[in-house]
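Here the structure comes first, spelled out in structure tokens, and everything after it is commentary.
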Amino acid sequence: MFLRSSANSRYCASAWLIVATLCVATLAVADDTDAFRPDAPTVERYVRDMWSGADDEWKKRLQQDETQAVCSKFRNAPPEDIADALRAREASTVVYPADGNLLGNWREGEKIAQNGRGGQFSDAPDATRGGNCYACHQMAKTEVSYGTLGPSLSEYGKLRGFSSEAAKEAYAKVYNSQASLPCSMMPRFGVHGFLSEQQIKDVIAYLFDAESPVNK
Amino acid sequence: MLRAGDDAEEEIKRYREMIDDPMANPAYLNVDRGESLWVLARGQKNASLETCDLGKGPGVLEGAYAELPRYFSDADQVMDLEQRLLWCMDRIQGLDTKEILSRKFGIPGTTSDLEDLVAYIANKSSGMTFHIPLDHPREREAYAIGEALFYRRGSLLDFSCATCHGADGARIRTTQLPNLTKPGPDARETMGSWPTYRVSQSQTRTMQNRLWDCYRQMRMPPPEFGSAGLTALMIYLAKQADGGTLNVPSIKR
């Protein structure tokens, strides 16, 4: 069915059998510029064509996993049952450090939070990957160049009483943001292996070490 | 509490106004080179581009860019300006487009014919407004594909275009992000200011380059220049900018 917004889709799907013609007419008047949506296989054909010149190693990045496909399809607002399944699937991927120690070195964590490089076709393949936390989050108040796509993380550990439970939640959030929030905009740093376990621990230390500028 | 974010915005705005001077904008060198390239006879057919139809009739440049991408029946394809130029170079001039594409983006010491031509042709629409009626079914199809691509998440950081360009008033670091998911001032200002001279790169860049750079940051491989998917994204973005005024080539950080 070629309908545009998910709200329209749901409305029209349920009303389809009863007032199909009315539904189409309403849509056509309200929104005639983009009255159909291509199915996923069609979009993926375009994707393969857009990157037809990429080498095999890079082409692996064209393959969406199920979560990426679902979040694309529903534009990050999946229906509740699909969201629940997604959350359960993602929660099962989180791997905590074997020794149970979640806090690394906050000074290293700060470098990771500042670093927006790694993994781009302009980067050396072995370039250190950063988490680029500051692109989207406020953290230490002394760093004035921060983005606003995500919530402020200022005094993150302090506001949570430096509790080990909160640190564990934060570790899971960085490892896989969608284990708690389906279709979160935040990257799943651990799932993709974009950051190493040690790097994630360092970032958690940046959030939870009492000496970290985040908590000053 | 520091309010450096706001101060930085003011400062960036002031900087933008300061550099926004057509008499001092190096992109006008591209415009001049583009004009020479448009009339230059070359290729196997030793022909110029002057009979190339950019949508408003053979050789008509005024207002052409403001209505691209569009469907071209001779090519049976929706094309943006770069795609159309490559098509004309091939058909009218018999030019080696591989060589042209080896210089798709200018670097110090090597100019890009495509960037020069786009700067020249887009400038012929400066002061005019985007008009993307999507009259042809293939244009509507391309728009829908572009929209789907805009929301498609993937690669190592799960990003889509909408990750950064789907909210009002958001920033990355201190950079304001236009919301390009809806018609309005953000899309009009953004699309109305490309091609642009990028001070940080010392080069004049087109939207093909901007999209290529976005995919770089999204950790995708480099997209194929002039591919149908990029044109689909272009028509989606141009449609959001419908009615917006072009002021090109502009100059940006």
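Naming works like this for the structure tokens: A, B, ... for the chains as they're shown, residue 1 at the start of each chain, ligands 1 onward in shown order.
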| task | Show me which bits of chain A are within 6 Å of chain B, counting only C-alpha atoms, as a ChimeraX atom specification. | result | /A:34,37,46,50-51,58,61,64,68,72,119-120,135-136,144-149,187,192
Can those selected residues be exported to a file as a short mmCIF file (atom, residue, chain, number, x, y, z; two decimals), in the first residue's frame so that it contains N, CA, C and O atoms?
data_model
loop_
_atom_site.label_atom_id
_atom_site.label_comp_id
_atom_site.auth_asym_id
_atom_site.auth_seq_id
_atom_site.Cartn_x
_atom_site.Cartn_y
_atom_site.Cartn_z
N ASP A 34 3.59 13.21 -2.41
CA ASP A 34 4.34 12.01 -2.07
C ASP A 34 3.38 10.96 -1.55
O ASP A 34 3.47 10.49 -0.44
N ARG A 37 4.84 5.26 -0.96
CA ARG A 37 6.13 4.96 -0.33
C ARG A 37 6.70 3.72 -0.96
O ARG A 37 6.04 2.71 -1.05
N TYR A 46 18.23 0.90 -4.91
CA TYR A 46 18.88 2.20 -5.09
C TYR A 46 20.17 2.28 -4.28
O TYR A 46 21.16 2.82 -4.73
N MET A 50 23.80 3.12 -5.58
CA MET A 50 24.53 4.30 -5.10
C MET A 50 25.95 3.96 -4.68
O MET A 50 26.82 4.82 -4.68
N TRP A 51 26.14 2.71 -4.27
CA TRP A 51 27.47 2.30 -3.81
C TRP A 51 28.02 1.14 -4.62
O TRP A 51 28.77 0.32 -4.12
N TRP A 58 33.88 -2.56 2.21
CA TRP A 58 33.01 -1.41 2.50
C TRP A 58 31.55 -1.74 2.25
O TRP A 58 30.65 -1.20 2.91
N ARG A 61 28.91 -2.55 4.90
CA ARG A 61 28.20 -1.52 5.66
C ARG A 61 26.85 -1.15 5.03
O ARG A 61 26.07 -0.42 5.64
N GLN A 64 21.75 -3.59 6.17
CA GLN A 64 21.12 -3.19 7.43
C GLN A 64 20.87 -4.40 8.31
O GLN A 64 20.55 -5.47 7.81
N GLN A 68 18.02 -1.69 12.33
CA GLN A 68 18.15 -0.54 11.43
C GLN A 68 17.01 -0.51 10.42
O GLN A 68 16.45 0.56 10.11
N SER A 72 14.21 2.39 10.22
CA SER A 72 14.07 3.14 8.97
C SER A 72 12.62 3.13 8.52
O SER A 72 12.04 4.16 8.17
N GLY A 119 36.68 5.37 11.26
CA GLY A 119 35.64 4.65 10.52
C GLY A 119 35.10 5.37 9.31
O GLY A 119 34.19 4.87 8.65
N GLN A 120 35.63 6.58 9.02
CA GLN A 120 35.18 7.29 7.81
C GLN A 120 36.09 6.93 6.65
O GLN A 120 37.26 6.59 6.86
N ALA A 135 29.56 15.93 20.32
CA ALA A 135 28.80 16.35 19.14
C ALA A 135 27.34 16.57 19.51
O ALA A 135 26.68 17.47 18.98
N CYS A 136 26.85 15.75 20.44
CA CYS A 136 25.41 15.77 20.78
C CYS A 136 25.08 16.13 22.22
O CYS A 136 23.95 16.47 22.53
N VAL A 144 32.70 24.31 26.04
CA VAL A 144 31.55 25.09 25.59
C VAL A 144 31.09 24.71 24.18
O VAL A 144 30.05 25.14 23.72
N SER A 145 31.87 23.87 23.50
CA SER A 145 31.49 23.45 22.15
C SER A 145 30.82 22.08 22.23
O SER A 145 31.45 21.04 22.11
N TYR A 146 29.53 22.11 22.50
CA TYR A 146 28.79 20.85 22.62
C TYR A 146 27.49 20.95 21.83
O TYR A 146 26.94 22.04 21.63
N GLY A 147 27.00 19.81 21.40
CA GLY A 147 25.77 19.77 20.62
C GLY A 147 24.55 19.55 21.50
O GLY A 147 24.66 19.31 22.72
N THR A 148 23.39 19.62 20.87
CA THR A 148 22.14 19.55 21.64
C THR A 148 21.19 18.47 21.13
O THR A 148 20.02 18.46 21.50
N LEU A 149 21.70 17.57 20.29
CA LEU A 149 20.80 16.50 19.80
C LEU A 149 20.43 15.55 20.94
O LEU A 149 19.36 14.96 20.94
N PRO A 187 24.18 6.08 18.52
CA PRO A 187 24.80 4.87 17.98
C PRO A 187 24.87 3.74 19.01
O PRO A 187 24.95 4.00 20.22
N HIS A 192 28.23 -2.60 17.42
CA HIS A 192 28.97 -2.51 16.17
C HIS A 192 30.48 -2.68 16.39
O HIS A 192 31.24 -2.65 15.43
#
Contacts of A:Arg188 at 7 Å or less, counting only C-alpha atoms, minus same-chain residues fewer than 3 places along, as a short mmCIF file (atom, residue, chain, number, x, y, z; two decimals) with N, CA and C atoms, in the first residue's frame?
data_model
loop_
_atom_site.label_atom_id
_atom_site.label_comp_id
_atom_site.auth_asym_id
_atom_site.auth_seq_id
_atom_site.Cartn_x
_atom_site.Cartn_y
_atom_site.Cartn_z
N VAL A 174 25.61 3.09 26.54
CA VAL A 174 26.67 3.36 25.56
C VAL A 174 26.88 2.13 24.69
N TYR A 175 26.84 0.96 25.31
CA TYR A 175 27.05 -0.28 24.55
C TYR A 175 25.95 -0.47 23.53
N ASN A 176 24.71 -0.25 23.98
CA ASN A 176 23.57 -0.42 23.08
C ASN A 176 22.41 0.46 23.55
N SER A 177 22.35 1.66 22.95
CA SER A 177 21.33 2.64 23.36
C SER A 177 19.91 2.10 23.18
N VAL A 191 27.64 -2.77 20.15
CA VAL A 191 27.09 -3.76 19.22
C VAL A 191 27.91 -3.79 17.93
N HIS A 192 28.23 -2.60 17.42
CA HIS A 192 28.97 -2.51 16.17
C HIS A 192 30.48 -2.68 16.39
N LEU B 157 27.32 3.49 12.81
CA LEU B 157 26.80 4.37 13.86
C LEU B 157 25.27 4.52 13.78
#
| What is the atom CA of B:Asp76-atom CA of B:Leu101 distance in Å, reported with one decimal? |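 Atom CA of B:Leu101 lies 22.0 Å from atom CA of B:Asp76.
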| task | Find the residues near A:Cys71: any atom within 8 Å, counting only C-alpha atoms, skip ones fewer than 6 places away on the same chain, and give them as a PyMOL selection string. | result | (chain A and resi 77-78+183) or (chain B and resi 153)
Take the residues that were just selected and, keeping N, CA, C and O atoms, output them as a PDB file, in the first residue's frame.
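Saved the output as result-v2.pdb:
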ATOM      1  N   ALA A  77       9.712   5.486  15.040  1.00  0.00           N
ATOM      2  CA  ALA A  77       8.538   5.394  15.911  1.00  0.00           C
ATOM      3  C   ALA A  77       7.802   4.092  15.615  1.00  0.00           C
ATOM      4  O   ALA A  77       6.695   4.104  15.071  1.00  0.00           O
ATOM      5  N   PRO A  78       8.411   2.944  15.969  1.00  0.00           N
ATOM      6  CA  PRO A  78       7.763   1.668  15.651  1.00  0.00           C
ATOM      7  C   PRO A  78       6.537   1.438  16.536  1.00  0.00           C
ATOM      8  O   PRO A  78       6.479   1.956  17.651  1.00  0.00           O
ATOM      9  N   CYS A 183      14.963   2.415  18.743  1.00  0.00           N
ATOM     10  CA  CYS A 183      15.199   3.416  17.686  1.00  0.00           C
ATOM     11  C   CYS A 183      15.775   4.724  18.217  1.00  0.00           C
ATOM     12  O   CYS A 183      15.615   5.784  17.598  1.00  0.00           O
TER      13      CYS A 183
ATOM     14  N   ARG B 153      18.476   4.218   8.053  1.00  0.00           N
ATOM     15  CA  ARG B 153      19.577   4.117   9.013  1.00  0.00           C
ATOM     16  C   ARG B 153      20.495   2.968   8.629  1.00  0.00           C
ATOM     17  O   ARG B 153      20.047   1.940   8.130  1.00  0.00           O
TER      18      ARG B 153
END
| said: Given only C-alpha atoms as the basis, pick out the residue of B:Ser102, B:Asp80, B:Ser126, B:Arg205 nearest to B:Pro22. | reply: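 Using only C-alpha atoms, B:Pro22 sits closest to B:Ser126.
The interatomic distance for the pair atom CA of A:Leu86 and atom CA of A:Lys73 works out to 13.3 Å.
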